[in-house]
Structure formats: C-alpha cells, structure tokens
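The structure file run.txt is reproduced below (compact mmCIF, N, CA, C and O atoms).
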```txt
# COMPACT_ATOMS: atom_id res chain seq x y z
N MET A 519 146.33 72.65 110.30
CA MET A 519 146.39 74.08 110.44
C MET A 519 146.71 74.42 111.89
O MET A 519 146.07 73.93 112.79
N ASN A 520 147.66 75.29 112.05
CA ASN A 520 147.99 75.67 113.41
C ASN A 520 147.21 76.93 113.80
O ASN A 520 146.48 77.52 113.01
N ALA A 521 147.39 77.34 115.05
CA ALA A 521 146.61 78.45 115.59
C ALA A 521 146.92 79.76 114.88
O ALA A 521 146.03 80.61 114.72
N LYS A 522 148.15 79.96 114.42
CA LYS A 522 148.49 81.20 113.73
C LYS A 522 147.73 81.32 112.41
O LYS A 522 147.24 82.40 112.06
N LYS A 523 147.64 80.23 111.67
CA LYS A 523 146.92 80.26 110.39
C LYS A 523 145.43 80.49 110.61
O LYS A 523 144.80 81.23 109.86
N VAL A 524 144.87 79.85 111.62
CA VAL A 524 143.45 80.02 111.91
C VAL A 524 143.17 81.47 112.31
O VAL A 524 142.21 82.08 111.84
N GLY A 525 144.03 82.03 113.15
CA GLY A 525 143.86 83.42 113.56
C GLY A 525 144.00 84.38 112.39
O GLY A 525 143.26 85.36 112.29
N PHE A 526 144.93 84.10 111.49
CA PHE A 526 145.13 84.95 110.32
C PHE A 526 143.89 84.94 109.43
O PHE A 526 143.38 86.00 109.04
N TRP A 527 143.38 83.75 109.11
CA TRP A 527 142.21 83.66 108.24
C TRP A 527 140.96 84.19 108.91
O TRP A 527 140.08 84.77 108.25
N ALA A 528 140.85 84.03 110.22
CA ALA A 528 139.70 84.59 110.94
C ALA A 528 139.74 86.12 110.87
O ALA A 528 138.71 86.77 110.67
N THR A 529 140.93 86.69 111.01
CA THR A 529 141.07 88.15 110.91
C THR A 529 140.71 88.64 109.51
O THR A 529 140.00 89.64 109.35
N ILE A 530 141.17 87.93 108.49
CA ILE A 530 140.85 88.31 107.11
C ILE A 530 139.35 88.25 106.88
O ILE A 530 138.77 89.15 106.27
N LEU A 531 138.69 87.20 107.37
CA LEU A 531 137.23 87.08 107.20
C LEU A 531 136.48 88.20 107.92
O LEU A 531 135.50 88.75 107.39
N ILE A 532 136.93 88.55 109.12
CA ILE A 532 136.28 89.63 109.86
C ILE A 532 136.44 90.95 109.11
O ILE A 532 135.49 91.74 109.00
N ILE A 533 137.62 91.20 108.54
CA ILE A 533 137.85 92.42 107.76
C ILE A 533 136.94 92.45 106.54
O ILE A 533 136.32 93.47 106.22
N ILE A 534 136.83 91.33 105.84
CA ILE A 534 135.98 91.26 104.64
C ILE A 534 134.52 91.50 105.02
O ILE A 534 133.81 92.27 104.38
N PHE A 535 134.06 90.86 106.09
CA PHE A 535 132.67 91.07 106.53
C PHE A 535 132.44 92.50 106.97
O PHE A 535 131.37 93.07 106.74
N PHE A 536 133.45 93.12 107.62
CA PHE A 536 133.32 94.51 108.03
C PHE A 536 133.18 95.42 106.82
O PHE A 536 132.32 96.31 106.80
N ILE A 537 133.99 95.19 105.80
CA ILE A 537 133.92 96.04 104.61
C ILE A 537 132.58 95.85 103.89
O ILE A 537 131.96 96.81 103.44
N LEU A 538 132.12 94.60 103.79
CA LEU A 538 130.89 94.33 103.05
C LEU A 538 129.63 94.75 103.80
O LEU A 538 128.67 95.21 103.19
N ASP A 539 129.63 94.61 105.12
CA ASP A 539 128.36 94.76 105.85
C ASP A 539 128.48 95.60 107.12
O ASP A 539 127.54 95.71 107.87
N GLY A 540 129.63 96.21 107.38
CA GLY A 540 129.86 96.90 108.64
C GLY A 540 129.00 98.12 108.86
O GLY A 540 128.75 98.50 110.00
N ASP A 541 128.52 98.75 107.80
CA ASP A 541 127.70 99.95 107.99
C ASP A 541 126.31 99.61 108.52
O ASP A 541 125.59 100.50 108.96
N ARG A 542 125.92 98.35 108.53
CA ARG A 542 124.62 97.96 109.09
C ARG A 542 124.73 97.43 110.51
O ARG A 542 123.71 97.14 111.13
N TRP A 543 125.95 97.29 111.03
CA TRP A 543 126.14 96.78 112.38
C TRP A 543 125.88 97.91 113.37
O TRP A 543 126.71 98.78 113.57
N GLU A 544 124.74 97.89 114.00
CA GLU A 544 124.32 99.00 114.85
C GLU A 544 125.09 99.07 116.16
O GLU A 544 125.06 100.09 116.85
N PHE A 545 125.80 98.00 116.56
CA PHE A 545 126.56 98.04 117.80
C PHE A 545 127.87 98.81 117.64
O PHE A 545 128.50 99.18 118.62
N LEU A 546 128.26 99.10 116.38
CA LEU A 546 129.46 99.87 116.14
C LEU A 546 129.15 101.36 116.22
O LEU A 546 128.06 101.80 115.86
N PRO A 547 130.12 102.16 116.67
CA PRO A 547 129.91 103.61 116.64
C PRO A 547 129.81 104.12 115.21
O PRO A 547 130.32 103.50 114.27
N GLN A 548 129.16 105.25 115.03
CA GLN A 548 128.91 105.80 113.70
C GLN A 548 130.19 106.02 112.89
O GLN A 548 130.21 105.73 111.70
N PRO A 549 131.30 106.52 113.48
CA PRO A 549 132.52 106.69 112.67
C PRO A 549 133.04 105.38 112.08
O PRO A 549 133.52 105.35 110.94
N MET A 550 132.91 104.27 112.81
CA MET A 550 133.36 102.98 112.28
C MET A 550 132.43 102.50 111.18
O MET A 550 132.87 101.92 110.18
N ARG A 551 131.13 102.77 111.34
CA ARG A 551 130.18 102.38 110.29
C ARG A 551 130.44 103.19 109.03
O ARG A 551 130.36 102.66 107.92
N ASN A 552 130.75 104.46 109.19
CA ASN A 552 131.10 105.28 108.03
C ASN A 552 132.37 104.79 107.36
O ASN A 552 132.49 104.83 106.13
N ALA A 553 133.33 104.33 108.16
CA ALA A 553 134.58 103.82 107.60
C ALA A 553 134.33 102.60 106.74
O ALA A 553 134.95 102.42 105.68
N SER A 554 133.40 101.74 107.17
CA SER A 554 133.06 100.57 106.36
C SER A 554 132.49 101.00 105.02
O SER A 554 132.89 100.48 103.96
N PHE A 555 131.56 101.95 105.03
CA PHE A 555 130.95 102.41 103.78
C PHE A 555 131.98 103.09 102.87
O PHE A 555 132.02 102.83 101.67
N GLU A 556 132.82 103.94 103.45
CA GLU A 556 133.82 104.65 102.65
C GLU A 556 134.86 103.68 102.06
O GLU A 556 135.30 103.86 100.92
N THR A 557 135.23 102.66 102.82
CA THR A 557 136.18 101.67 102.30
C THR A 557 135.57 100.91 101.14
O THR A 557 136.22 100.67 100.12
N ARG A 558 134.30 100.53 101.28
CA ARG A 558 133.63 99.79 100.21
C ARG A 558 133.51 100.65 98.95
O ARG A 558 133.79 100.18 97.84
N THR A 559 133.13 101.91 99.09
CA THR A 559 133.01 102.76 97.91
C THR A 559 134.38 103.03 97.29
O THR A 559 134.49 103.14 96.07
N PHE A 560 135.44 103.12 98.11
CA PHE A 560 136.78 103.29 97.57
C PHE A 560 137.20 102.07 96.75
O PHE A 560 137.72 102.19 95.64
N LEU A 561 136.95 100.88 97.29
CA LEU A 561 137.34 99.66 96.57
C LEU A 561 136.54 99.49 95.29
O LEU A 561 137.07 99.03 94.28
N ILE A 562 135.28 99.85 95.31
CA ILE A 562 134.46 99.78 94.09
C ILE A 562 134.96 100.80 93.07
O ILE A 562 134.97 100.55 91.87
N GLY A 563 135.42 101.96 93.55
CA GLY A 563 135.95 102.98 92.66
C GLY A 563 137.23 102.57 91.96
O GLY A 563 137.60 103.14 90.93
N LEU A 564 137.94 101.58 92.50
CA LEU A 564 139.16 101.09 91.86
C LEU A 564 138.87 100.23 90.65
O LEU A 564 139.76 99.99 89.84
N TRP A 565 137.65 99.74 90.54
CA TRP A 565 137.26 98.87 89.43
C TRP A 565 137.27 99.69 88.14
O TRP A 565 136.66 100.74 88.07
N PRO A 566 137.93 99.21 87.09
CA PRO A 566 138.00 99.99 85.84
C PRO A 566 136.62 100.20 85.22
O PRO A 566 135.72 99.36 85.33
N GLU A 567 136.46 101.33 84.54
CA GLU A 567 135.18 101.69 83.93
C GLU A 567 134.77 100.68 82.86
O GLU A 567 133.59 100.36 82.71
N TRP A 568 135.73 100.15 82.12
CA TRP A 568 135.39 99.24 81.02
C TRP A 568 135.02 97.86 81.52
O TRP A 568 134.56 97.03 80.76
N LEU A 569 135.19 97.60 82.81
CA LEU A 569 134.79 96.30 83.36
C LEU A 569 133.45 96.36 84.09
O LEU A 569 133.08 95.41 84.74
N GLN A 570 132.76 97.48 83.99
CA GLN A 570 131.46 97.60 84.65
C GLN A 570 130.49 96.57 84.06
O GLN A 570 130.52 96.31 82.85
N PRO A 571 129.64 95.99 84.88
CA PRO A 571 128.70 95.00 84.35
C PRO A 571 127.74 95.62 83.35
O PRO A 571 127.30 96.76 83.51
N ARG A 572 127.45 94.87 82.31
CA ARG A 572 126.53 95.34 81.27
C ARG A 572 125.13 94.79 81.52
O ARG A 572 124.97 93.75 82.14
N ASP A 573 124.17 95.48 80.99
CA ASP A 573 122.79 95.00 81.06
C ASP A 573 122.62 93.94 79.98
O ASP A 573 122.53 94.25 78.80
N ARG A 574 122.59 92.69 80.39
CA ARG A 574 122.55 91.59 79.42
C ARG A 574 121.19 91.47 78.75
O ARG A 574 121.05 90.87 77.71
N ASP A 575 120.16 92.05 79.35
CA ASP A 575 118.82 91.96 78.78
C ASP A 575 118.46 93.19 77.96
O ASP A 575 117.31 93.32 77.53
N GLU A 576 119.41 94.09 77.74
CA GLU A 576 119.10 95.32 77.02
C GLU A 576 118.64 95.04 75.59
O GLU A 576 117.62 95.57 75.14
N GLN A 577 119.36 94.16 74.88
CA GLN A 577 118.99 93.87 73.50
C GLN A 577 117.63 93.17 73.45
O GLN A 577 116.79 93.50 72.61
N ARG A 578 117.39 92.27 74.37
CA ARG A 578 116.10 91.56 74.40
C ARG A 578 114.97 92.53 74.68
O ARG A 578 113.91 92.47 74.05
N GLN A 579 115.19 93.47 75.61
CA GLN A 579 114.15 94.44 75.93
C GLN A 579 113.87 95.35 74.73
O GLN A 579 112.71 95.69 74.46
N GLU A 580 114.91 95.74 73.97
CA GLU A 580 114.71 96.56 72.78
C GLU A 580 113.89 95.80 71.74
O GLU A 580 113.01 96.37 71.09
N GLU A 581 114.14 94.50 71.59
CA GLU A 581 113.37 93.70 70.64
C GLU A 581 111.91 93.58 71.08
O GLU A 581 111.00 93.65 70.26
N ILE A 582 111.69 93.41 72.37
CA ILE A 582 110.32 93.33 72.89
C ILE A 582 109.59 94.64 72.64
O ILE A 582 108.44 94.65 72.18
N ASP A 583 110.26 95.77 72.92
CA ASP A 583 109.64 97.07 72.68
C ASP A 583 109.33 97.27 71.21
O ASP A 583 108.27 97.80 70.85
N ARG A 584 110.25 96.84 70.34
CA ARG A 584 110.04 96.98 68.89
C ARG A 584 108.85 96.14 68.45
O ARG A 584 107.99 96.61 67.69
N LEU A 585 108.75 94.91 68.94
CA LEU A 585 107.64 94.05 68.57
C LEU A 585 106.32 94.56 69.12
O LEU A 585 105.28 94.45 68.46
N GLN A 586 106.33 95.10 70.31
CA GLN A 586 105.10 95.65 70.87
C GLN A 586 104.68 96.90 70.11
O GLN A 586 103.50 97.17 69.99
N GLY A 587 105.63 97.66 69.60
CA GLY A 587 105.32 98.85 68.82
C GLY A 587 104.67 98.48 67.49
O GLY A 587 103.85 99.21 66.96
N GLN A 588 105.03 97.32 66.93
CA GLN A 588 104.44 96.89 65.67
C GLN A 588 103.00 96.44 65.88
O GLN A 588 102.18 96.50 64.98
N GLY A 589 102.68 96.01 67.06
CA GLY A 589 101.35 95.47 67.32
C GLY A 589 100.36 96.50 67.80
O GLY A 589 99.43 96.16 68.51
N ASP A 590 100.53 97.75 67.42
CA ASP A 590 99.60 98.79 67.85
C ASP A 590 98.23 98.65 67.19
O ASP A 590 97.24 99.12 67.73
N ASP A 591 98.16 98.05 66.02
CA ASP A 591 96.88 97.89 65.32
C ASP A 591 96.03 96.86 66.07
O ASP A 591 96.49 95.79 66.43
N PRO A 592 94.77 97.20 66.30
CA PRO A 592 93.91 96.23 66.98
C PRO A 592 93.69 95.00 66.10
O PRO A 592 93.57 95.09 64.89
N LEU A 593 93.64 93.89 66.75
CA LEU A 593 93.44 92.64 66.03
C LEU A 593 91.94 92.40 65.83
O LEU A 593 91.12 92.69 66.70
N LEU A 594 91.61 91.86 64.71
CA LEU A 594 90.22 91.52 64.43
C LEU A 594 90.02 90.08 64.88
O LEU A 594 90.64 89.15 64.38
N ILE A 595 89.19 89.91 65.88
CA ILE A 595 88.94 88.58 66.41
C ILE A 595 87.63 88.08 65.82
O ILE A 595 86.57 88.70 65.96
N LEU A 596 87.73 86.97 65.16
CA LEU A 596 86.56 86.39 64.53
C LEU A 596 85.96 85.37 65.50
O LEU A 596 86.64 84.49 65.98
N GLU A 597 84.68 85.53 65.74
CA GLU A 597 83.99 84.58 66.61
C GLU A 597 83.27 83.57 65.72
O GLU A 597 82.70 83.92 64.68
N PRO A 598 83.28 82.34 66.10
CA PRO A 598 82.58 81.34 65.29
C PRO A 598 81.08 81.59 65.32
O PRO A 598 80.52 81.94 66.37
N GLN A 599 80.46 81.47 64.17
CA GLN A 599 79.02 81.69 64.09
C GLN A 599 78.30 80.36 64.22
O GLN A 599 78.66 79.37 63.61
N ALA A 600 77.25 80.36 64.99
CA ALA A 600 76.51 79.12 65.23
C ALA A 600 75.36 78.97 64.27
O ALA A 600 74.86 79.80 63.63
```

What is this structure when it is put down as structure tokens?
Amino acid sequence: MNAKKVGFWATILIIIFFILDGDRWEFLPQPMRNASFETRTFLIGLWPEWLQPRDRDEQRQEEIDRLQGQGDDPLLILEPQA
C-alpha cells in the first residue's frame, strides 16, 4: 500500500467516526457537533421503512403474557402430612 491509499482510507475512517460519534467530541465546536448528528439522522432516514428492524422477541413475549394470564388461579399446594 502506498501513501495515497493509506491517506485515502484514513480519511474515510475519520469521516465514518465523525458521523457515528462526532456529536460527543467536546473539543469540536457546537456547529460541527450538530453537523455530525444531522448527517447521521439524514443517513438513517434514507433507510427504507420496510427494512426497519423487527422485534424478534415480540411473539415470545405475547406467548409469555398469554401463559401468565392463564395462571391467574392460585395453585393449591399440598404439604406432606407427617
């Protein structure tokens, strides 16, 4: 790898880190920190609605709630008699 390639990839990494985490860098002036946040929200807004992550545990949680609803009756616990 020559110096041009290293410089190019270093610049790309700095840009990615700035977009992901630049709003927390306190040494930057506030307008630059706002630019990082606005760029990140813009890029997230480009993501299609139908590709939004789903709650994978939703069905499991519904089953747990349904089973807990069935168990409202108190259980009769039998103690061994001596």

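In this structure, atom N of Asn520 in chain A sits 26.8 Å away from atom C of Ile537 in chain A.
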
Quiz item: Looking only at the backbone, which of the residues in range 524-599 of chain A does DSSP tag as helix (DSSP H, G or I), as an MDAnalysis selection string?
Solution: chainID A and resid 524:542 548:563 567:569 576:588

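For Asn552 in chain A, the set of protein, DNA and RNA residues having any atom at most 8 Å away, when counting all atoms listed in the file and skipping those fewer than 6 positions along the same chain, is Gly540, Asp541, Arg542, Leu546, Arg558 and Thr559 of chain A.
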
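Relative to atom O of Leu531 in chain A, atom C of Ser554 in chain A is found at 12.8 Å.
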
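If you look at CA of Ile582 in chain A and atom N of Leu569 in chain A, they are 27.1 Å away from each other.
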
Each side padded by 4 Å, which centre and which edge lengths in Å (one decimal) define the axis-aligned box around the listed atoms of range 526-543 of chain A? Give them as lines of an AutoDock Vina configuration file.
```
center_x = 134.4
center_y = 92.1
center_z = 108.3
size_x = 29.4
size_y = 24.8
size_z = 18.5
```

Complete range 541-552 of chain A at the level of all heavy atoms, written as a PDB file, keeping the file's coordinate frame.
```pdb
ATOM      1  N   ASP A 541     128.520  98.750 107.800  1.00  0.00           N
ATOM      2  CA  ASP A 541     127.700  99.950 107.990  1.00  0.00           C
ATOM      3  C   ASP A 541     126.310  99.610 108.520  1.00  0.00           C
ATOM      4  O   ASP A 541     125.590 100.500 108.960  1.00  0.00           O
ATOM      5  CB  ASP A 541     127.603 100.755 106.699  1.00  0.00           C
ATOM      6  CG  ASP A 541     127.096  99.963 105.532  1.00  0.00           C
ATOM      7  OD1 ASP A 541     127.340  98.748 105.485  1.00  0.00           O
ATOM      8  OD2 ASP A 541     126.452 100.558 104.654  1.00  0.00           O
ATOM      9  N   ARG A 542     125.920  98.350 108.530  1.00  0.00           N
ATOM     10  CA  ARG A 542     124.620  97.960 109.090  1.00  0.00           C
ATOM     11  C   ARG A 542     124.730  97.430 110.510  1.00  0.00           C
ATOM     12  O   ARG A 542     123.710  97.140 111.130  1.00  0.00           O
ATOM     13  CB  ARG A 542     123.978  96.902 108.203  1.00  0.00           C
ATOM     14  CG  ARG A 542     123.502  97.476 106.892  1.00  0.00           C
ATOM     15  CD  ARG A 542     122.662  96.499 106.174  1.00  0.00           C
ATOM     16  NE  ARG A 542     123.497  95.821 105.188  1.00  0.00           N
ATOM     17  CZ  ARG A 542     123.104  94.826 104.432  1.00  0.00           C
ATOM     18  NH1 ARG A 542     121.895  94.366 104.551  1.00  0.00           N
ATOM     19  NH2 ARG A 542     123.914  94.291 103.556  1.00  0.00           N
ATOM     20  N   TRP A 543     125.950  97.290 111.030  1.00  0.00           N
ATOM     21  CA  TRP A 543     126.140  96.780 112.380  1.00  0.00           C
ATOM     22  C   TRP A 543     125.880  97.910 113.370  1.00  0.00           C
ATOM     23  O   TRP A 543     126.710  98.780 113.570  1.00  0.00           O
ATOM     24  CB  TRP A 543     127.537  96.216 112.566  1.00  0.00           C
ATOM     25  CG  TRP A 543     127.832  95.024 111.697  1.00  0.00           C
ATOM     26  CD1 TRP A 543     126.958  94.286 110.977  1.00  0.00           C
ATOM     27  CD2 TRP A 543     129.115  94.445 111.460  1.00  0.00           C
ATOM     28  NE1 TRP A 543     127.606  93.286 110.304  1.00  0.00           N
ATOM     29  CE2 TRP A 543     128.926  93.363 110.582  1.00  0.00           C
ATOM     30  CE3 TRP A 543     130.385  94.736 111.896  1.00  0.00           C
ATOM     31  CZ2 TRP A 543     129.971  92.569 110.153  1.00  0.00           C
ATOM     32  CZ3 TRP A 543     131.441  93.949 111.464  1.00  0.00           C
ATOM     33  CH2 TRP A 543     131.226  92.868 110.612  1.00  0.00           C
ATOM     34  N   GLU A 544     124.740  97.890 114.000  1.00  0.00           N
ATOM     35  CA  GLU A 544     124.320  99.000 114.850  1.00  0.00           C
ATOM     36  C   GLU A 544     125.090  99.070 116.160  1.00  0.00           C
ATOM     37  O   GLU A 544     125.060 100.090 116.850  1.00  0.00           O
ATOM     38  CB  GLU A 544     122.822  98.907 115.117  1.00  0.00           C
ATOM     39  CG  GLU A 544     122.011  99.103 113.851  1.00  0.00           C
ATOM     40  CD  GLU A 544     120.530  99.083 114.097  1.00  0.00           C
ATOM     41  OE1 GLU A 544     120.117  99.004 115.273  1.00  0.00           O
ATOM     42  OE2 GLU A 544     119.786  99.151 113.104  1.00  0.00           O
ATOM     43  N   PHE A 545     125.800  98.000 116.560  1.00  0.00           N
ATOM     44  CA  PHE A 545     126.560  98.040 117.800  1.00  0.00           C
ATOM     45  C   PHE A 545     127.870  98.810 117.640  1.00  0.00           C
ATOM     46  O   PHE A 545     128.500  99.180 118.620  1.00  0.00           O
ATOM     47  CB  PHE A 545     126.839  96.626 118.326  1.00  0.00           C
ATOM     48  CG  PHE A 545     127.671  95.780 117.408  1.00  0.00           C
ATOM     49  CD1 PHE A 545     129.045  95.800 117.480  1.00  0.00           C
ATOM     50  CD2 PHE A 545     127.062  94.959 116.472  1.00  0.00           C
ATOM     51  CE1 PHE A 545     129.819  95.015 116.636  1.00  0.00           C
ATOM     52  CE2 PHE A 545     127.814  94.172 115.627  1.00  0.00           C
ATOM     53  CZ  PHE A 545     129.196  94.201 115.708  1.00  0.00           C
ATOM     54  N   LEU A 546     128.260  99.100 116.380  1.00  0.00           N
ATOM     55  CA  LEU A 546     129.460  99.870 116.140  1.00  0.00           C
ATOM     56  C   LEU A 546     129.150 101.360 116.220  1.00  0.00           C
ATOM     57  O   LEU A 546     128.060 101.800 115.860  1.00  0.00           O
ATOM     58  CB  LEU A 546     130.025  99.567 114.747  1.00  0.00           C
ATOM     59  CG  LEU A 546     130.587  98.177 114.509  1.00  0.00           C
ATOM     60  CD1 LEU A 546     130.983  98.028 113.051  1.00  0.00           C
ATOM     61  CD2 LEU A 546     131.779  97.925 115.405  1.00  0.00           C
ATOM     62  N   PRO A 547     130.120 102.160 116.670  1.00  0.00           N
ATOM     63  CA  PRO A 547     129.910 103.610 116.640  1.00  0.00           C
ATOM     64  C   PRO A 547     129.810 104.120 115.210  1.00  0.00           C
ATOM     65  O   PRO A 547     130.320 103.500 114.270  1.00  0.00           O
ATOM     66  CB  PRO A 547     131.131 104.184 117.357  1.00  0.00           C
ATOM     67  CG  PRO A 547     132.058 103.065 117.592  1.00  0.00           C
ATOM     68  CD  PRO A 547     131.377 101.783 117.261  1.00  0.00           C
ATOM     69  N   GLN A 548     129.160 105.250 115.030  1.00  0.00           N
ATOM     70  CA  GLN A 548     128.910 105.800 113.700  1.00  0.00           C
ATOM     71  C   GLN A 548     130.190 106.020 112.890  1.00  0.00           C
ATOM     72  O   GLN A 548     130.210 105.730 111.700  1.00  0.00           O
ATOM     73  CB  GLN A 548     128.105 107.089 113.808  1.00  0.00           C
ATOM     74  CG  GLN A 548     127.585 107.597 112.485  1.00  0.00           C
ATOM     75  CD  GLN A 548     126.617 106.626 111.829  1.00  0.00           C
ATOM     76  OE1 GLN A 548     125.817 105.999 112.505  1.00  0.00           O
ATOM     77  NE2 GLN A 548     126.686 106.489 110.522  1.00  0.00           N
ATOM     78  N   PRO A 549     131.300 106.520 113.480  1.00  0.00           N
ATOM     79  CA  PRO A 549     132.520 106.690 112.670  1.00  0.00           C
ATOM     80  C   PRO A 549     133.040 105.380 112.080  1.00  0.00           C
ATOM     81  O   PRO A 549     133.520 105.350 110.940  1.00  0.00           O
ATOM     82  CB  PRO A 549     133.519 107.295 113.643  1.00  0.00           C
ATOM     83  CG  PRO A 549     132.693 107.979 114.677  1.00  0.00           C
ATOM     84  CD  PRO A 549     131.460 107.152 114.797  1.00  0.00           C
ATOM     85  N   MET A 550     132.910 104.270 112.810  1.00  0.00           N
ATOM     86  CA  MET A 550     133.360 102.980 112.280  1.00  0.00           C
ATOM     87  C   MET A 550     132.430 102.500 111.180  1.00  0.00           C
ATOM     88  O   MET A 550     132.870 101.920 110.180  1.00  0.00           O
ATOM     89  CB  MET A 550     133.453 101.936 113.386  1.00  0.00           C
ATOM     90  CG  MET A 550     134.628 102.147 114.312  1.00  0.00           C
ATOM     91  SD  MET A 550     134.788 100.841 115.523  1.00  0.00           S
ATOM     92  CE  MET A 550     135.334  99.502 114.498  1.00  0.00           C
ATOM     93  N   ARG A 551     131.130 102.770 111.340  1.00  0.00           N
ATOM     94  CA  ARG A 551     130.180 102.380 110.290  1.00  0.00           C
ATOM     95  C   ARG A 551     130.440 103.190 109.030  1.00  0.00           C
ATOM     96  O   ARG A 551     130.360 102.660 107.920  1.00  0.00           O
ATOM     97  CB  ARG A 551     128.751 102.556 110.799  1.00  0.00           C
ATOM     98  CG  ARG A 551     128.429 101.527 111.866  1.00  0.00           C
ATOM     99  CD  ARG A 551     127.200 101.790 112.660  1.00  0.00           C
ATOM    100  NE  ARG A 551     126.021 102.104 111.879  1.00  0.00           N
ATOM    101  CZ  ARG A 551     124.868 102.417 112.434  1.00  0.00           C
ATOM    102  NH1 ARG A 551     124.752 102.453 113.745  1.00  0.00           N
ATOM    103  NH2 ARG A 551     123.840 102.700 111.685  1.00  0.00           N
ATOM    104  N   ASN A 552     130.750 104.460 109.190  1.00  0.00           N
ATOM    105  CA  ASN A 552     131.100 105.280 108.030  1.00  0.00           C
ATOM    106  C   ASN A 552     132.370 104.790 107.360  1.00  0.00           C
ATOM    107  O   ASN A 552     132.490 104.830 106.130  1.00  0.00           O
ATOM    108  CB  ASN A 552     131.251 106.749 108.441  1.00  0.00           C
ATOM    109  CG  ASN A 552     129.939 107.384 108.815  1.00  0.00           C
ATOM    110  OD1 ASN A 552     128.879 106.870 108.493  1.00  0.00           O
ATOM    111  ND2 ASN A 552     130.013 108.500 109.517  1.00  0.00           N
TER     112      ASN A 552
END
```
